[in-house]
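Asks: Have a look at the structure that comes next, please.
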Amino acid sequence: MVTDICTGDARGHLMPWKRVSSKVKDHEIFIHKGIFEPLNELCEQAYDKGFNLSVCSGYRSFQRQANIWNDKLSGKKPVLDALGRPINIENLTEWEKIEAVLRWSALPGASRHHWGTDIDVYDSAAMPQDYELQLVHRETVGDGIFASMHEWLDAQMDRRHGFYRPYESDNGGILPERWHLSYAPISKFYSDATTLTSLERRLCESGICLLDTVLQNLELIYKRFICVD
Ligand SMILES: [Zn+2]
């Protein structure tokens, strides 16, 4: 069902993506079957320009996103400010904690990675052997390690390939993520199908941290952090 795909509860639409480097955080990468060909084409064109466009994150399940969410709110993983510095969330209100986490991480059930149409990319050709991938803004601009590939991507993001960056600029919601690409011809469909009602229903079945406060503010979260298209 489409709603299961939207919330990261389905896998039937996925296929493995083999361009995996041992340096990335996800060992197995799955993508939506429908993006295989356009992604291959984008990679080949990048290769012609000397870049090795590699995917470090594709599909992510509801449970996986819930683990990230819970780890951040329980202090197991750091919560960062807009500049990437760790924040002490202990003295924040529940809503302030949620807001802080949402700047960097999607609400479980509402991650674009649930769909398999969205990927995080880097240029493995630019990486020295011992380089640890960080996925931060400074890697993608100026003299950043992946800036050249992203400058090339800037010119490709006219939807010629169908790919675009849903998190291009900071509108007070999710911080800019130049590494996050989305295949519009398919992701638009799931974006439209992610409704407030279906999301609320899925969250009510989950035991995520601060669920009550999330539900009380769900409409606000939906407008500010989820509806980006
Ligand atoms: Zn991403």
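Just so we're on the same page: first chain in the structure tokens is A, next is B, and so on; residues restart at 1 for each chain, and ligands are numbered from 1 in the order they show up.
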Residues contacting ligand 1 - anything with an atom at most 6 Å away, using only C-alpha atoms and all ligand atoms - can you give me those as a list in words?
Replies: Ile119, Asp120 and His180 of chain A
Asks: Using DSSP on the backbone, list every residue of region 11-210 of chain A that comes out as alpha helix (DSSP H), and give them as a PDB file with C-alpha atoms, in the first residue's frame.
Replies:
ATOM      1  CA  PHE A  36      17.704   2.827 -10.805  1.00  0.00           C
ATOM      2  CA  GLU A  37      17.995   3.921 -14.425  1.00  0.00           C
ATOM      3  CA  PRO A  38      17.999   7.694 -13.888  1.00  0.00           C
ATOM      4  CA  LEU A  39      20.513   7.296 -11.055  1.00  0.00           C
ATOM      5  CA  ASN A  40      22.760   5.144 -13.215  1.00  0.00           C
ATOM      6  CA  GLU A  41      22.625   7.782 -15.909  1.00  0.00           C
ATOM      7  CA  LEU A  42      23.487  10.550 -13.439  1.00  0.00           C
ATOM      8  CA  CYS A  43      26.415   8.482 -12.113  1.00  0.00           C
ATOM      9  CA  GLU A  44      27.718   7.856 -15.624  1.00  0.00           C
ATOM     10  CA  GLN A  45      27.591  11.524 -16.480  1.00  0.00           C
ATOM     11  CA  ALA A  46      29.328  12.374 -13.210  1.00  0.00           C
ATOM     12  CA  TYR A  47      31.992   9.757 -14.019  1.00  0.00           C
ATOM     13  CA  ASP A  48      32.674  11.434 -17.371  1.00  0.00           C
ATOM     14  CA  PHE A  62      10.323   3.509  10.064  1.00  0.00           C
ATOM     15  CA  GLN A  63      12.107   1.524  12.770  1.00  0.00           C
ATOM     16  CA  ARG A  64      15.524   2.753  11.718  1.00  0.00           C
ATOM     17  CA  GLN A  65      14.341   6.374  11.763  1.00  0.00           C
ATOM     18  CA  ALA A  66      12.675   5.761  15.129  1.00  0.00           C
ATOM     19  CA  ASN A  67      16.000   4.497  16.509  1.00  0.00           C
ATOM     20  CA  ILE A  68      17.768   7.652  15.327  1.00  0.00           C
ATOM     21  CA  TRP A  69      14.988   9.769  16.872  1.00  0.00           C
ATOM     22  CA  ASN A  70      15.035   7.943  20.200  1.00  0.00           C
ATOM     23  CA  ASP A  71      18.841   7.926  20.413  1.00  0.00           C
ATOM     24  CA  LYS A  72      18.938  11.695  19.977  1.00  0.00           C
ATOM     25  CA  LEU A  73      16.183  12.449  22.471  1.00  0.00           C
ATOM     26  CA  GLU A  94       9.945  18.890  25.313  1.00  0.00           C
ATOM     27  CA  TRP A  95       8.904  20.975  22.323  1.00  0.00           C
ATOM     28  CA  GLU A  96      12.313  22.691  22.136  1.00  0.00           C
ATOM     29  CA  LYS A  97      14.008  19.285  22.150  1.00  0.00           C
ATOM     30  CA  ILE A  98      11.768  18.095  19.306  1.00  0.00           C
ATOM     31  CA  GLU A  99      12.428  21.282  17.328  1.00  0.00           C
ATOM     32  CA  ALA A 100      16.184  20.860  17.770  1.00  0.00           C
ATOM     33  CA  VAL A 101      16.129  17.252  16.569  1.00  0.00           C
ATOM     34  CA  LEU A 102      13.870  18.051  13.600  1.00  0.00           C
ATOM     35  CA  ALA A 147      32.343  20.979  -3.566  1.00  0.00           C
ATOM     36  CA  SER A 148      33.414  20.324  -7.180  1.00  0.00           C
ATOM     37  CA  MET A 149      30.918  17.515  -7.611  1.00  0.00           C
ATOM     38  CA  HIS A 150      28.180  19.610  -6.018  1.00  0.00           C
ATOM     39  CA  GLU A 151      28.969  22.534  -8.306  1.00  0.00           C
ATOM     40  CA  TRP A 152      28.565  20.167 -11.224  1.00  0.00           C
ATOM     41  CA  LEU A 153      25.353  18.840  -9.664  1.00  0.00           C
ATOM     42  CA  ASP A 154      24.054  22.429  -9.319  1.00  0.00           C
ATOM     43  CA  ALA A 155      23.896  22.568 -13.105  1.00  0.00           C
ATOM     44  CA  GLN A 156      22.174  19.156 -13.300  1.00  0.00           C
ATOM     45  CA  ALA A 184      11.009  14.167  -8.392  1.00  0.00           C
ATOM     46  CA  PRO A 185       8.924  12.128 -10.874  1.00  0.00           C
ATOM     47  CA  ILE A 186       8.354   9.499  -8.158  1.00  0.00           C
ATOM     48  CA  SER A 187       8.996  11.286  -4.867  1.00  0.00           C
ATOM     49  CA  LYS A 188       6.366  13.921  -5.669  1.00  0.00           C
ATOM     50  CA  PHE A 189       3.776  11.135  -5.594  1.00  0.00           C
ATOM     51  CA  TYR A 190       4.790   9.981  -2.098  1.00  0.00           C
ATOM     52  CA  SER A 191       5.150  13.534  -0.892  1.00  0.00           C
ATOM     53  CA  ASP A 192       1.532  14.207  -1.886  1.00  0.00           C
ATOM     54  CA  ALA A 193       0.408  10.929  -0.319  1.00  0.00           C
ATOM     55  CA  LEU A 196      -1.383  14.515   8.306  1.00  0.00           C
ATOM     56  CA  THR A 197      -4.020  11.860   9.020  1.00  0.00           C
ATOM     57  CA  SER A 198      -1.977   8.875   7.820  1.00  0.00           C
ATOM     58  CA  LEU A 199       1.094  10.118   9.648  1.00  0.00           C
ATOM     59  CA  GLU A 200      -0.830  10.617  12.879  1.00  0.00           C
ATOM     60  CA  ARG A 201      -2.270   7.107  12.619  1.00  0.00           C
ATOM     61  CA  ARG A 202       1.185   5.568  12.147  1.00  0.00           C
ATOM     62  CA  LEU A 203       2.758   7.559  14.993  1.00  0.00           C
ATOM     63  CA  CYS A 204       0.000   6.553  17.409  1.00  0.00           C
TER      64      CYS A 204
END
Asks: Given only C-alpha atoms as the basis, pick out the residue of A:Glu177, A:Arg112, A:Asp123, A:Leu215 nearest to Cys227 (chain A).
Replies: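 Counting only C-alpha atoms, the residue closest to Cys227 (chain A) is A:Arg112.
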Asks: Interatomic distance between CA of Glu132 (chain A) and CA of Gly144 (chain A)?
Replies: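 Between CA of Glu132 (chain A) and CA of Gly144 (chain A) the gap is 13.4 Å.
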Asks: Taking the backbone alone, and naming residues the way the document does, which bits of region 89-140 of chain A are strand (DSSP E or B) by DSSP, as a ChimeraX atom specification?
Replies: /A:118-123
Asks: So, with only C-alpha atoms as the atoms that count, which of A:Leu80, A:Val141, A:Val214, A:Leu135 lies closest to Cys56 (chain A)?
Replies: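 Using only C-alpha atoms, Cys56 (chain A) sits closest to A:Leu135.
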Asks: I need the residue nearest Phe51 (chain A) from this list: A:Tyr222, A:Tyr122, A:Phe30, A:Trp115. Use only C-alpha atoms for the distance.
Replies: A:Tyr122
Asks: Please measure the separation of CA of Pro166 (chain A) and CA of His113 (chain A), giving the value in Å to one decimal.
Replies: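 Distance between the two atoms: 11.9 Å.
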Asks: For CA of Asp130 (chain A) and CA of Gly116 (chain A), determine how far apart the two atoms are, in Å to one decimal place.
Replies: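 Taking CA of Asp130 (chain A) and CA of Gly116 (chain A), their separation equals 29.0 Å.
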Asks: Counting only C-alpha atoms, figure out which residue out of A:Ala110, A:Ala125, A:Ile145, A:Leu175 gets nearest to Thr3 (chain A).
Replies: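 Distance minimum relative to Thr3 (chain A) lands on A:Ala110.
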